[in-house]
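**Student:** Here it is, the structure, as structure tokens.
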Amino acid sequence: MMRRRTTLLTGCTALALALGTTACGGGGPVSAGGGDKALDGQTVTVAGVWSGSEQKNFQKVLDAFSAKTGAKTQFTSTGDNVSTVVGSKIEGGNAPDVVMVPQVGVLQQFAKKGWLKPLSATAQKSVDAGFAPVWKKYGSVDGTLYGLYFKAAHKSTVWYSPDALAQAGVKPPKTYDEMLKAGHTVSDSGLAAFSVAGQDGWTLTDWFENVYLSQAGPGKYDALAAHKLKWTDASVVEALTTLGKLFKDKQLVAGGQKEALNTDFPGSVEKVFGPQPKAGMVYEGDFVAGVAHDQFQKTIGKDADFFPFPAVGGGKAPVVSGGDAAVVLKDGKNAKAGMKLLEYLATPEAAAVWAKAGGFLSPNRKLDLAAYGDDVTRATAKSLVGAGDSVRFDMSDQAPAAFGGTKGAGEWKLLQDFLRDPSDPKGTAAKLESAAAKAYQD
């Protein structure tokens with residue numbers, strides 16, 4: 001199951017918000033020296049999509065676990081194809097003990113195949129005490145809790161150049177209509193309003209999800225995510241119509257639709273924060289800051305800042321998230337020690353290790369916000385945790401890959417077609433429903 005990462009960045013760059021170093025680190029076996037530790041001599045194997053600085057920073061968490069327990073750890077990067085890699089390891093009798101799963105759909109797939117161990121009572125107690133119930137819901141299958149959400153992404157952030165907005169005389173908007181109005185003012189001052197990464201279909205699903213969650217509400221969002229509501233529903237047509245107003249406005253989209261369709265995610269960030277700015281704002285998740293800082297040496301909070309994705313219509317401001325859940329495989333050689341790792345990952349102590357390193361958000365409300373290294377990350381984390389049960393997981397990450405996670409197919413392609421020509425929201429909704437019906441049936 002090939003899926004895009006919520007933190008799709010290049011090279012060593014991976015969510016290094018404001019502070020993050022960019023050195024690529026290895027993830028070899030690590031052990032704590034000396035001491036009478038409960039897991040001395042045991043090795044816990046972990047698999048996940050992380051590489052580069054993300055892998056390096058997660059290794060710091062594993063090192064802290066080693067120092068606490070005496071266990072050795074071995075991390076293997078799977079690349080985006082977690083499902084296939086883990087499946088082949090299980091079949092080959094070489095299953096890891098713990099997997100960091102980046103999609104709800106993959107977690108559900110693993111559980112339904114009988115691969116997972118339910119969380120221990122200790123881990124469940126920590127989840128109940130430290131996490132909003134919605135995170136327990138996304139980690140559960142048929143009422144059993146299998147996944148612990150250790151790392152999250154905040155995908156309701158609009159990033160902007162403070163200089164561009166100041167030059168235009170506009171302040172961060174509170175509503176979607178105010179955002180479009182502010183965009184026109186920015187455009188009148190000489191820069192396009194938005195840089196849109198239309199070459200990457202996943203960014204367009206994120207645009208849609210934020211508009212839909214705010215406009216239609218969490219109930220319909222949940223129903224559409226589960227395909228209990230058809231994509232031909234009037235609420236979908238309304239959201240596409242709202243989005244289409246922005247997409248078809250050449251004053252708002254840098255270079256118009258054609259250029260947007262030739263702009264990938266890193267390129268969209270470059271158009272706002274690169275050496276030759278072409279737009280004042282770019283919508284995407286908190287990981288925009290990693291590119292702005294690492295690739296273009298912007299100081300987060302000074303040269304690059306964000307405002308929350310604004311409320312649409314009469315709805316509430318949306319909070320869409322992604323995340324990586326830790327699960328324990330039954331077939332792992334040391335699943336018992338693996339569960340001890342999950343119990344550790346459920347603590348604010350573990351989250352604080354990566355929070356200090358940068359490029360990380362935790363859904364654990366027991367983590368002191370002071371653990372984060374800069375004000376912008378603190379504000380993002382506060383928004384994510386403060387949203388409580390109103391947080392909704394990225395809808396395309398909940399869908400079968402054929403619909404919500406495949407380049408040149410399903411939702412990605414159909415929203416690219418809609419960006420190219422937004423004149424028929426109803427027709428686009430019908431095509432989305434046809435693709436969804438086939439994918440969910442398969």
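Simple scheme: letters A, B, ... for chains in structure tokens order, numbers from 1 for residues in each chain, numbers from 1 for ligands in the order shown.
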Just the alpha helix (DSSP H) stuff from region 225-320 of chain A, please, per backbone DSSP, written as a PDB file with all heavy atoms, in the first residue's frame.
**Tutor:**
```pdb
ATOM      1  N   ALA A 225     -15.610  10.009   5.353  1.00  0.00           N
ATOM      2  CA  ALA A 225     -14.344   9.280   5.501  1.00  0.00           C
ATOM      3  C   ALA A 225     -14.567   7.771   5.502  1.00  0.00           C
ATOM      4  O   ALA A 225     -13.738   7.011   5.011  1.00  0.00           O
ATOM      5  CB  ALA A 225     -13.636   9.705   6.786  1.00  0.00           C
ATOM      6  N   ALA A 234     -24.815  16.786  -1.252  1.00  0.00           N
ATOM      7  CA  ALA A 234     -24.796  18.242  -1.484  1.00  0.00           C
ATOM      8  C   ALA A 234     -23.662  18.927  -0.722  1.00  0.00           C
ATOM      9  O   ALA A 234     -23.109  19.937  -1.181  1.00  0.00           O
ATOM     10  CB  ALA A 234     -26.140  18.838  -1.076  1.00  0.00           C
ATOM     11  N   SER A 235     -23.283  18.359   0.442  1.00  0.00           N
ATOM     12  CA  SER A 235     -22.216  18.978   1.243  1.00  0.00           C
ATOM     13  C   SER A 235     -20.867  18.909   0.528  1.00  0.00           C
ATOM     14  O   SER A 235     -20.034  19.819   0.657  1.00  0.00           O
ATOM     15  CB  SER A 235     -22.108  18.290   2.617  1.00  0.00           C
ATOM     16  OG  SER A 235     -21.790  16.914   2.467  1.00  0.00           O
ATOM     17  N   VAL A 236     -20.649  17.842  -0.241  1.00  0.00           N
ATOM     18  CA  VAL A 236     -19.403  17.708  -1.007  1.00  0.00           C
ATOM     19  C   VAL A 236     -19.391  18.717  -2.151  1.00  0.00           C
ATOM     20  O   VAL A 236     -18.380  19.396  -2.399  1.00  0.00           O
ATOM     21  CB  VAL A 236     -19.234  16.274  -1.553  1.00  0.00           C
ATOM     22  CG1 VAL A 236     -18.003  16.175  -2.451  1.00  0.00           C
ATOM     23  CG2 VAL A 236     -19.147  15.272  -0.414  1.00  0.00           C
ATOM     24  N   VAL A 237     -20.520  18.821  -2.843  1.00  0.00           N
ATOM     25  CA  VAL A 237     -20.642  19.782  -3.957  1.00  0.00           C
ATOM     26  C   VAL A 237     -20.412  21.204  -3.442  1.00  0.00           C
ATOM     27  O   VAL A 237     -19.707  22.009  -4.076  1.00  0.00           O
ATOM     28  CB  VAL A 237     -22.019  19.662  -4.640  1.00  0.00           C
ATOM     29  CG1 VAL A 237     -22.153  20.699  -5.753  1.00  0.00           C
ATOM     30  CG2 VAL A 237     -22.217  18.253  -5.210  1.00  0.00           C
ATOM     31  N   GLU A 238     -20.953  21.497  -2.256  1.00  0.00           N
ATOM     32  CA  GLU A 238     -20.781  22.832  -1.666  1.00  0.00           C
ATOM     33  C   GLU A 238     -19.315  23.108  -1.351  1.00  0.00           C
ATOM     34  O   GLU A 238     -18.788  24.194  -1.620  1.00  0.00           O
ATOM     35  CB  GLU A 238     -21.626  22.960  -0.390  1.00  0.00           C
ATOM     36  CG  GLU A 238     -21.602  24.357   0.207  1.00  0.00           C
ATOM     37  CD  GLU A 238     -22.368  24.479   1.524  1.00  0.00           C
ATOM     38  OE1 GLU A 238     -22.729  23.445   2.106  1.00  0.00           O
ATOM     39  OE2 GLU A 238     -22.578  25.618   1.959  1.00  0.00           O
ATOM     40  N   ALA A 239     -18.616  22.123  -0.787  1.00  0.00           N
ATOM     41  CA  ALA A 239     -17.200  22.302  -0.452  1.00  0.00           C
ATOM     42  C   ALA A 239     -16.363  22.484  -1.713  1.00  0.00           C
ATOM     43  O   ALA A 239     -15.450  23.325  -1.749  1.00  0.00           O
ATOM     44  CB  ALA A 239     -16.694  21.109   0.350  1.00  0.00           C
ATOM     45  N   LEU A 240     -16.658  21.710  -2.734  1.00  0.00           N
ATOM     46  CA  LEU A 240     -15.931  21.855  -4.006  1.00  0.00           C
ATOM     47  C   LEU A 240     -16.191  23.231  -4.618  1.00  0.00           C
ATOM     48  O   LEU A 240     -15.277  23.860  -5.177  1.00  0.00           O
ATOM     49  CB  LEU A 240     -16.346  20.753  -4.981  1.00  0.00           C
ATOM     50  CG  LEU A 240     -15.838  19.342  -4.658  1.00  0.00           C
ATOM     51  CD1 LEU A 240     -16.531  18.304  -5.545  1.00  0.00           C
ATOM     52  CD2 LEU A 240     -14.317  19.248  -4.819  1.00  0.00           C
ATOM     53  N   THR A 241     -17.422  23.712  -4.518  1.00  0.00           N
ATOM     54  CA  THR A 241     -17.768  25.044  -5.030  1.00  0.00           C
ATOM     55  C   THR A 241     -16.960  26.119  -4.307  1.00  0.00           C
ATOM     56  O   THR A 241     -16.418  27.038  -4.923  1.00  0.00           O
ATOM     57  CB  THR A 241     -19.280  25.311  -4.865  1.00  0.00           C
ATOM     58  OG1 THR A 241     -20.012  24.280  -5.549  1.00  0.00           O
ATOM     59  CG2 THR A 241     -19.677  26.667  -5.433  1.00  0.00           C
ATOM     60  N   THR A 242     -16.872  25.974  -2.974  1.00  0.00           N
ATOM     61  CA  THR A 242     -16.097  26.920  -2.155  1.00  0.00           C
ATOM     62  C   THR A 242     -14.634  26.909  -2.560  1.00  0.00           C
ATOM     63  O   THR A 242     -14.002  27.960  -2.706  1.00  0.00           O
ATOM     64  CB  THR A 242     -16.228  26.551  -0.656  1.00  0.00           C
ATOM     65  OG1 THR A 242     -17.604  26.625  -0.287  1.00  0.00           O
ATOM     66  CG2 THR A 242     -15.413  27.477   0.221  1.00  0.00           C
ATOM     67  N   LEU A 243     -14.080  25.716  -2.740  1.00  0.00           N
ATOM     68  CA  LEU A 243     -12.681  25.560  -3.118  1.00  0.00           C
ATOM     69  C   LEU A 243     -12.445  26.079  -4.537  1.00  0.00           C
ATOM     70  O   LEU A 243     -11.419  26.703  -4.828  1.00  0.00           O
ATOM     71  CB  LEU A 243     -12.290  24.085  -3.020  1.00  0.00           C
ATOM     72  CG  LEU A 243     -10.818  23.723  -2.956  1.00  0.00           C
ATOM     73  CD1 LEU A 243     -10.085  24.523  -1.885  1.00  0.00           C
ATOM     74  CD2 LEU A 243     -10.662  22.229  -2.710  1.00  0.00           C
ATOM     75  N   GLY A 244     -13.432  25.838  -5.392  1.00  0.00           N
ATOM     76  CA  GLY A 244     -13.328  26.269  -6.788  1.00  0.00           C
ATOM     77  C   GLY A 244     -13.203  27.769  -6.945  1.00  0.00           C
ATOM     78  O   GLY A 244     -12.538  28.256  -7.871  1.00  0.00           O
ATOM     79  N   LYS A 245     -13.822  28.522  -6.033  1.00  0.00           N
ATOM     80  CA  LYS A 245     -13.720  29.990  -6.082  1.00  0.00           C
ATOM     81  C   LYS A 245     -12.267  30.428  -5.984  1.00  0.00           C
ATOM     82  O   LYS A 245     -11.843  31.373  -6.643  1.00  0.00           O
ATOM     83  CB  LYS A 245     -14.533  30.610  -4.930  1.00  0.00           C
ATOM     84  CG  LYS A 245     -16.028  30.602  -5.137  1.00  0.00           C
ATOM     85  CD  LYS A 245     -16.722  31.208  -3.920  1.00  0.00           C
ATOM     86  CE  LYS A 245     -18.234  31.044  -4.026  1.00  0.00           C
ATOM     87  NZ  LYS A 245     -18.920  31.474  -2.783  1.00  0.00           N
ATOM     88  N   LEU A 246     -11.510  29.756  -5.153  1.00  0.00           N
ATOM     89  CA  LEU A 246     -10.087  30.076  -5.003  1.00  0.00           C
ATOM     90  C   LEU A 246      -9.305  29.569  -6.205  1.00  0.00           C
ATOM     91  O   LEU A 246      -8.497  30.290  -6.792  1.00  0.00           O
ATOM     92  CB  LEU A 246      -9.553  29.464  -3.710  1.00  0.00           C
ATOM     93  CG  LEU A 246      -8.137  29.860  -3.268  1.00  0.00           C
ATOM     94  CD1 LEU A 246      -8.004  29.703  -1.755  1.00  0.00           C
ATOM     95  CD2 LEU A 246      -7.051  29.042  -3.942  1.00  0.00           C
ATOM     96  N   PHE A 247      -9.541  28.320  -6.579  1.00  0.00           N
ATOM     97  CA  PHE A 247      -8.767  27.696  -7.648  1.00  0.00           C
ATOM     98  C   PHE A 247      -8.877  28.451  -8.985  1.00  0.00           C
ATOM     99  O   PHE A 247      -7.908  28.511  -9.739  1.00  0.00           O
ATOM    100  CB  PHE A 247      -9.216  26.249  -7.853  1.00  0.00           C
ATOM    101  CG  PHE A 247      -8.705  25.282  -6.813  1.00  0.00           C
ATOM    102  CD1 PHE A 247      -9.129  23.958  -6.802  1.00  0.00           C
ATOM    103  CD2 PHE A 247      -7.806  25.679  -5.834  1.00  0.00           C
ATOM    104  CE1 PHE A 247      -8.664  23.055  -5.855  1.00  0.00           C
ATOM    105  CE2 PHE A 247      -7.331  24.786  -4.876  1.00  0.00           C
ATOM    106  CZ  PHE A 247      -7.765  23.471  -4.891  1.00  0.00           C
ATOM    107  N   GLY A 256      -1.580  30.995 -11.881  1.00  0.00           N
ATOM    108  CA  GLY A 256      -2.821  30.388 -12.336  1.00  0.00           C
ATOM    109  C   GLY A 256      -2.806  28.874 -12.212  1.00  0.00           C
ATOM    110  O   GLY A 256      -1.854  28.274 -11.707  1.00  0.00           O
ATOM    111  N   GLN A 257      -3.881  28.259 -12.716  1.00  0.00           N
ATOM    112  CA  GLN A 257      -4.041  26.812 -12.539  1.00  0.00           C
ATOM    113  C   GLN A 257      -2.939  25.987 -13.205  1.00  0.00           C
ATOM    114  O   GLN A 257      -2.462  25.002 -12.649  1.00  0.00           O
ATOM    115  CB  GLN A 257      -5.404  26.376 -13.096  1.00  0.00           C
ATOM    116  CG  GLN A 257      -6.566  26.893 -12.273  1.00  0.00           C
ATOM    117  CD  GLN A 257      -7.607  27.572 -13.146  1.00  0.00           C
ATOM    118  OE1 GLN A 257      -7.362  28.606 -13.734  1.00  0.00           O
ATOM    119  NE2 GLN A 257      -8.787  26.972 -13.211  1.00  0.00           N
ATOM    120  N   LYS A 258      -2.499  26.447 -14.394  1.00  0.00           N
ATOM    121  CA  LYS A 258      -1.490  25.679 -15.139  1.00  0.00           C
ATOM    122  C   LYS A 258      -0.189  25.595 -14.345  1.00  0.00           C
ATOM    123  O   LYS A 258       0.403  24.516 -14.204  1.00  0.00           O
ATOM    124  CB  LYS A 258      -1.253  26.313 -16.508  1.00  0.00           C
ATOM    125  CG  LYS A 258      -0.352  25.475 -17.411  1.00  0.00           C
ATOM    126  CD  LYS A 258      -0.234  26.079 -18.797  1.00  0.00           C
ATOM    127  CE  LYS A 258       0.666  25.217 -19.679  1.00  0.00           C
ATOM    128  NZ  LYS A 258       0.806  25.806 -21.042  1.00  0.00           N
ATOM    129  N   GLU A 259       0.256  26.736 -13.800  1.00  0.00           N
ATOM    130  CA  GLU A 259       1.504  26.725 -13.028  1.00  0.00           C
ATOM    131  C   GLU A 259       1.336  25.929 -11.736  1.00  0.00           C
ATOM    132  O   GLU A 259       2.248  25.226 -11.305  1.00  0.00           O
ATOM    133  CB  GLU A 259       1.951  28.155 -12.719  1.00  0.00           C
ATOM    134  CG  GLU A 259       3.352  28.195 -12.122  1.00  0.00           C
ATOM    135  CD  GLU A 259       3.907  29.603 -12.007  1.00  0.00           C
ATOM    136  OE1 GLU A 259       3.799  30.368 -12.986  1.00  0.00           O
ATOM    137  OE2 GLU A 259       4.441  29.934 -10.925  1.00  0.00           O
ATOM    138  N   ALA A 260       0.153  26.040 -11.116  1.00  0.00           N
ATOM    139  CA  ALA A 260      -0.107  25.288  -9.878  1.00  0.00           C
ATOM    140  C   ALA A 260       0.017  23.792 -10.122  1.00  0.00           C
ATOM    141  O   ALA A 260       0.573  23.060  -9.297  1.00  0.00           O
ATOM    142  CB  ALA A 260      -1.490  25.619  -9.331  1.00  0.00           C
ATOM    143  N   LEU A 261      -0.462  23.338 -11.270  1.00  0.00           N
ATOM    144  CA  LEU A 261      -0.407  21.909 -11.600  1.00  0.00           C
ATOM    145  C   LEU A 261       1.018  21.431 -11.889  1.00  0.00           C
ATOM    146  O   LEU A 261       1.286  20.236 -11.895  1.00  0.00           O
ATOM    147  CB  LEU A 261      -1.322  21.598 -12.785  1.00  0.00           C
ATOM    148  CG  LEU A 261      -2.818  21.587 -12.447  1.00  0.00           C
ATOM    149  CD1 LEU A 261      -3.668  21.737 -13.701  1.00  0.00           C
ATOM    150  CD2 LEU A 261      -3.192  20.317 -11.688  1.00  0.00           C
ATOM    151  N   PHE A 265       5.135  20.079  -3.786  1.00  0.00           N
ATOM    152  CA  PHE A 265       5.055  20.654  -2.443  1.00  0.00           C
ATOM    153  C   PHE A 265       6.274  21.505  -2.074  1.00  0.00           C
ATOM    154  O   PHE A 265       6.123  22.672  -1.693  1.00  0.00           O
ATOM    155  CB  PHE A 265       4.799  19.564  -1.392  1.00  0.00           C
ATOM    156  CG  PHE A 265       5.032  20.054   0.008  1.00  0.00           C
ATOM    157  CD1 PHE A 265       4.229  21.041   0.562  1.00  0.00           C
ATOM    158  CD2 PHE A 265       6.081  19.553   0.766  1.00  0.00           C
ATOM    159  CE1 PHE A 265       4.468  21.540   1.843  1.00  0.00           C
ATOM    160  CE2 PHE A 265       6.327  20.029   2.043  1.00  0.00           C
ATOM    161  CZ  PHE A 265       5.521  21.025   2.584  1.00  0.00           C
ATOM    162  N   PRO A 266       7.520  20.969  -2.197  1.00  0.00           N
ATOM    163  CA  PRO A 266       8.668  21.828  -1.862  1.00  0.00           C
ATOM    164  C   PRO A 266       8.703  23.101  -2.711  1.00  0.00           C
ATOM    165  O   PRO A 266       9.057  24.176  -2.227  1.00  0.00           O
ATOM    166  CB  PRO A 266       9.881  20.928  -2.140  1.00  0.00           C
ATOM    167  CG  PRO A 266       9.352  19.534  -2.028  1.00  0.00           C
ATOM    168  CD  PRO A 266       7.952  19.609  -2.566  1.00  0.00           C
ATOM    169  N   GLY A 267       8.294  22.966  -3.988  1.00  0.00           N
ATOM    170  CA  GLY A 267       8.266  24.122  -4.890  1.00  0.00           C
ATOM    171  C   GLY A 267       7.261  25.172  -4.441  1.00  0.00           C
ATOM    172  O   GLY A 267       7.489  26.378  -4.595  1.00  0.00           O
ATOM    173  N   SER A 268       6.145  24.715  -3.857  1.00  0.00           N
ATOM    174  CA  SER A 268       5.127  25.663  -3.385  1.00  0.00           C
ATOM    175  C   SER A 268       5.638  26.475  -2.198  1.00  0.00           C
ATOM    176  O   SER A 268       5.318  27.653  -2.044  1.00  0.00           O
ATOM    177  CB  SER A 268       3.826  24.928  -3.005  1.00  0.00           C
ATOM    178  OG  SER A 268       3.979  24.198  -1.797  1.00  0.00           O
ATOM    179  N   VAL A 269       6.469  25.838  -1.371  1.00  0.00           N
ATOM    180  CA  VAL A 269       7.069  26.546  -0.232  1.00  0.00           C
ATOM    181  C   VAL A 269       8.111  27.541  -0.733  1.00  0.00           C
ATOM    182  O   VAL A 269       8.206  28.680  -0.249  1.00  0.00           O
ATOM    183  CB  VAL A 269       7.692  25.550   0.774  1.00  0.00           C
ATOM    184  CG1 VAL A 269       8.308  26.287   1.958  1.00  0.00           C
ATOM    185  CG2 VAL A 269       6.639  24.552   1.263  1.00  0.00           C
ATOM    186  N   GLU A 270       8.858  27.135  -1.754  1.00  0.00           N
ATOM    187  CA  GLU A 270       9.883  28.006  -2.327  1.00  0.00           C
ATOM    188  C   GLU A 270       9.268  29.286  -2.896  1.00  0.00           C
ATOM    189  O   GLU A 270       9.863  30.367  -2.809  1.00  0.00           O
ATOM    190  CB  GLU A 270      10.651  27.263  -3.425  1.00  0.00           C
ATOM    191  CG  GLU A 270      11.764  28.098  -4.044  1.00  0.00           C
ATOM    192  CD  GLU A 270      12.601  27.341  -5.061  1.00  0.00           C
ATOM    193  OE1 GLU A 270      12.308  26.145  -5.307  1.00  0.00           O
ATOM    194  OE2 GLU A 270      13.551  27.937  -5.607  1.00  0.00           O
ATOM    195  N   LYS A 271       8.075  29.181  -3.464  1.00  0.00           N
ATOM    196  CA  LYS A 271       7.439  30.358  -4.072  1.00  0.00           C
ATOM    197  C   LYS A 271       7.071  31.426  -3.043  1.00  0.00           C
ATOM    198  O   LYS A 271       6.856  32.580  -3.397  1.00  0.00           O
ATOM    199  CB  LYS A 271       6.205  29.933  -4.875  1.00  0.00           C
ATOM    200  CG  LYS A 271       6.572  29.305  -6.196  1.00  0.00           C
ATOM    201  CD  LYS A 271       5.375  28.982  -7.047  1.00  0.00           C
ATOM    202  CE  LYS A 271       5.829  28.387  -8.377  1.00  0.00           C
ATOM    203  NZ  LYS A 271       4.700  27.984  -9.219  1.00  0.00           N
ATOM    204  N   VAL A 272       6.993  31.028  -1.779  1.00  0.00           N
ATOM    205  CA  VAL A 272       6.708  31.996  -0.716  1.00  0.00           C
ATOM    206  C   VAL A 272       7.982  32.378   0.034  1.00  0.00           C
ATOM    207  O   VAL A 272       8.218  33.553   0.329  1.00  0.00           O
ATOM    208  CB  VAL A 272       5.657  31.439   0.269  1.00  0.00           C
ATOM    209  CG1 VAL A 272       5.401  32.433   1.412  1.00  0.00           C
ATOM    210  CG2 VAL A 272       4.353  31.144  -0.457  1.00  0.00           C
ATOM    211  N   PHE A 273       8.820  31.385   0.314  1.00  0.00           N
ATOM    212  CA  PHE A 273       9.966  31.617   1.199  1.00  0.00           C
ATOM    213  C   PHE A 273      11.329  31.523   0.495  1.00  0.00           C
ATOM    214  O   PHE A 273      12.368  31.662   1.138  1.00  0.00           O
ATOM    215  CB  PHE A 273       9.917  30.634   2.376  1.00  0.00           C
ATOM    216  CG  PHE A 273       8.664  30.787   3.192  1.00  0.00           C
ATOM    217  CD1 PHE A 273       7.709  29.774   3.226  1.00  0.00           C
ATOM    218  CD2 PHE A 273       8.431  31.951   3.916  1.00  0.00           C
ATOM    219  CE1 PHE A 273       6.546  29.916   3.973  1.00  0.00           C
ATOM    220  CE2 PHE A 273       7.267  32.105   4.666  1.00  0.00           C
ATOM    221  CZ  PHE A 273       6.321  31.095   4.697  1.00  0.00           C
ATOM    222  N   VAL A 288       5.599  22.600   6.724  1.00  0.00           N
ATOM    223  CA  VAL A 288       6.072  23.680   5.842  1.00  0.00           C
ATOM    224  C   VAL A 288       7.278  24.376   6.478  1.00  0.00           C
ATOM    225  O   VAL A 288       8.240  24.754   5.810  1.00  0.00           O
ATOM    226  CB  VAL A 288       4.945  24.713   5.578  1.00  0.00           C
ATOM    227  CG1 VAL A 288       5.509  25.995   4.958  1.00  0.00           C
ATOM    228  CG2 VAL A 288       3.878  24.113   4.670  1.00  0.00           C
ATOM    229  N   ALA A 289       7.229  24.526   7.806  1.00  0.00           N
ATOM    230  CA  ALA A 289       8.302  25.228   8.509  1.00  0.00           C
ATOM    231  C   ALA A 289       9.647  24.532   8.333  1.00  0.00           C
ATOM    232  O   ALA A 289      10.690  25.195   8.284  1.00  0.00           O
ATOM    233  CB  ALA A 289       7.969  25.337   9.998  1.00  0.00           C
ATOM    234  N   GLY A 290       9.622  23.207   8.251  1.00  0.00           N
ATOM    235  CA  GLY A 290      10.857  22.457   8.052  1.00  0.00           C
ATOM    236  C   GLY A 290      11.541  22.841   6.750  1.00  0.00           C
ATOM    237  O   GLY A 290      12.758  23.023   6.692  1.00  0.00           O
ATOM    238  N   VAL A 291      10.757  22.981   5.679  1.00  0.00           N
ATOM    239  CA  VAL A 291      11.319  23.363   4.382  1.00  0.00           C
ATOM    240  C   VAL A 291      11.772  24.823   4.412  1.00  0.00           C
ATOM    241  O   VAL A 291      12.866  25.164   3.958  1.00  0.00           O
ATOM    242  CB  VAL A 291      10.286  23.152   3.247  1.00  0.00           C
ATOM    243  CG1 VAL A 291      10.897  23.507   1.902  1.00  0.00           C
ATOM    244  CG2 VAL A 291       9.791  21.716   3.226  1.00  0.00           C
ATOM    245  N   ALA A 292      10.933  25.698   4.967  1.00  0.00           N
ATOM    246  CA  ALA A 292      11.266  27.128   5.017  1.00  0.00           C
ATOM    247  C   ALA A 292      12.566  27.359   5.789  1.00  0.00           C
ATOM    248  O   ALA A 292      13.404  28.171   5.390  1.00  0.00           O
ATOM    249  CB  ALA A 292      10.120  27.907   5.661  1.00  0.00           C
ATOM    250  N   HIS A 293      12.740  26.599   6.869  1.00  0.00           N
ATOM    251  CA  HIS A 293      13.934  26.775   7.691  1.00  0.00           C
ATOM    252  C   HIS A 293      15.159  26.108   7.074  1.00  0.00           C
ATOM    253  O   HIS A 293      16.213  26.727   6.911  1.00  0.00           O
ATOM    254  CB  HIS A 293      13.686  26.212   9.094  1.00  0.00           C
ATOM    255  CG  HIS A 293      14.896  26.261   9.988  1.00  0.00           C
ATOM    256  ND1 HIS A 293      15.752  25.184  10.141  1.00  0.00           N
ATOM    257  CD2 HIS A 293      15.422  27.260  10.728  1.00  0.00           C
ATOM    258  CE1 HIS A 293      16.739  25.523  10.958  1.00  0.00           C
ATOM    259  NE2 HIS A 293      16.556  26.781  11.329  1.00  0.00           N
ATOM    260  N   ASP A 294      15.022  24.833   6.724  1.00  0.00           N
ATOM    261  CA  ASP A 294      16.178  24.059   6.275  1.00  0.00           C
ATOM    262  C   ASP A 294      16.630  24.429   4.862  1.00  0.00           C
ATOM    263  O   ASP A 294      17.821  24.525   4.585  1.00  0.00           O
ATOM    264  CB  ASP A 294      15.875  22.559   6.305  1.00  0.00           C
ATOM    265  CG  ASP A 294      15.792  22.023   7.721  1.00  0.00           C
ATOM    266  OD1 ASP A 294      16.060  22.799   8.654  1.00  0.00           O
ATOM    267  OD2 ASP A 294      15.449  20.841   7.886  1.00  0.00           O
TER     268      ASP A 294
END
```
**Student:** For region 234-310 of chain A against region 382-388 of chain A, with a cut-off of 12 Å and counting only C-alpha atoms, what is the closest atom pair and its distance in Å to one decimal for every residue that makes the cut, ordered by chain and number, as a Markdown table?
**Tutor:**
```
| residue | atom | partner | partner_atom | distance |
| --- | --- | --- | --- | --- |
| A:Gly285 | CA | A:Leu384 | CA | 11.6 |
| A:Asp286 | CA | A:Leu384 | CA | 10.6 |
| A:Phe306 | CA | A:Ser383 | CA | 11.9 |
| A:Phe307 | CA | A:Ser383 | CA | 10.7 |
| A:Pro308 | CA | A:Ser383 | CA | 8.5 |
| A:Phe309 | CA | A:Ser383 | CA | 11.2 |
```
**Student:** Could you write out the selected residues, including N, CA and C atoms, as a compact mmCIF listing (two decimals), in the first residue's frame?
**Tutor:**
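Final file, selection_25.txt:
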```
# COMPACT_ATOMS: atom_id res chain seq x y z
N GLY A 285 0.61 21.64 6.06
CA GLY A 285 0.75 21.32 7.47
C GLY A 285 1.95 22.00 8.14
N ASP A 286 2.10 21.72 9.42
CA ASP A 286 3.18 22.32 10.21
C ASP A 286 4.56 22.06 9.61
N PHE A 306 2.53 31.34 10.67
CA PHE A 306 1.30 30.72 10.20
C PHE A 306 0.09 31.30 10.93
N PHE A 307 -1.07 31.14 10.31
CA PHE A 307 -2.33 31.36 11.01
C PHE A 307 -3.18 30.11 10.82
N PRO A 308 -4.09 29.82 11.76
CA PRO A 308 -4.90 28.62 11.63
C PRO A 308 -5.78 28.69 10.38
N PHE A 309 -5.97 27.56 9.72
CA PHE A 309 -6.89 27.53 8.57
C PHE A 309 -8.22 28.09 9.05
```
**Student:** Hey, can you check how far CA of Thr428 (chain A) sits from CA of Val211 (chain A)?
**Tutor:**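 These two atoms are separated by 15.9 Å.
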**Student:** Based on the backbone DSSP call, show me all residues of region 30-187 of chain A assigned strand (DSSP E or B), as a compact mmCIF listing (two decimals) with C-alpha atoms, in the first residue's frame.
**Tutor:**
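Output saved as part.txt:
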```txt
# COMPACT_ATOMS: atom_id res chain seq x y z
CA VAL A 30 21.97 1.13 20.83
CA THR A 43 16.60 -6.27 21.79
CA VAL A 44 13.50 -4.48 20.54
CA THR A 45 13.20 -4.17 16.75
CA VAL A 46 11.23 -1.23 15.38
CA ALA A 47 10.12 -0.45 11.80
CA GLY A 48 8.77 2.84 10.49
CA LYS A 72 18.92 -2.56 22.90
CA THR A 73 16.95 -1.14 19.97
CA GLN A 74 17.19 -1.63 16.20
CA PHE A 75 15.26 0.70 13.89
CA THR A 76 14.60 -0.16 10.23
CA SER A 77 13.26 2.42 7.79
CA VAL A 98 7.01 -2.61 16.95
CA VAL A 99 5.83 -0.74 13.84
CA MET A 100 5.19 3.00 13.60
CA VAL A 101 2.14 3.10 11.32
CA LEU A 116 -1.44 -6.93 16.29
CA LYS A 117 -1.37 -7.27 20.06
CA SER A 140 -8.80 1.15 17.89
CA VAL A 141 -10.36 -1.48 15.65
CA THR A 144 -9.90 -2.93 20.83
CA LEU A 145 -7.04 -0.43 21.27
CA LEU A 148 -0.62 4.55 20.36
CA TYR A 149 -0.34 7.88 18.52
CA PHE A 150 3.15 9.05 19.39
CA LYS A 151 3.73 11.70 16.69
CA ALA A 152 1.18 13.98 15.04
CA ALA A 153 1.04 16.48 12.20
CA HIS A 154 -1.14 19.60 12.29
CA THR A 157 -1.97 25.78 9.15
CA VAL A 158 -1.63 28.50 6.50
CA TRP A 159 1.97 29.72 6.26
CA TYR A 160 2.78 33.25 5.19
CA THR A 175 -12.67 33.41 8.17
```
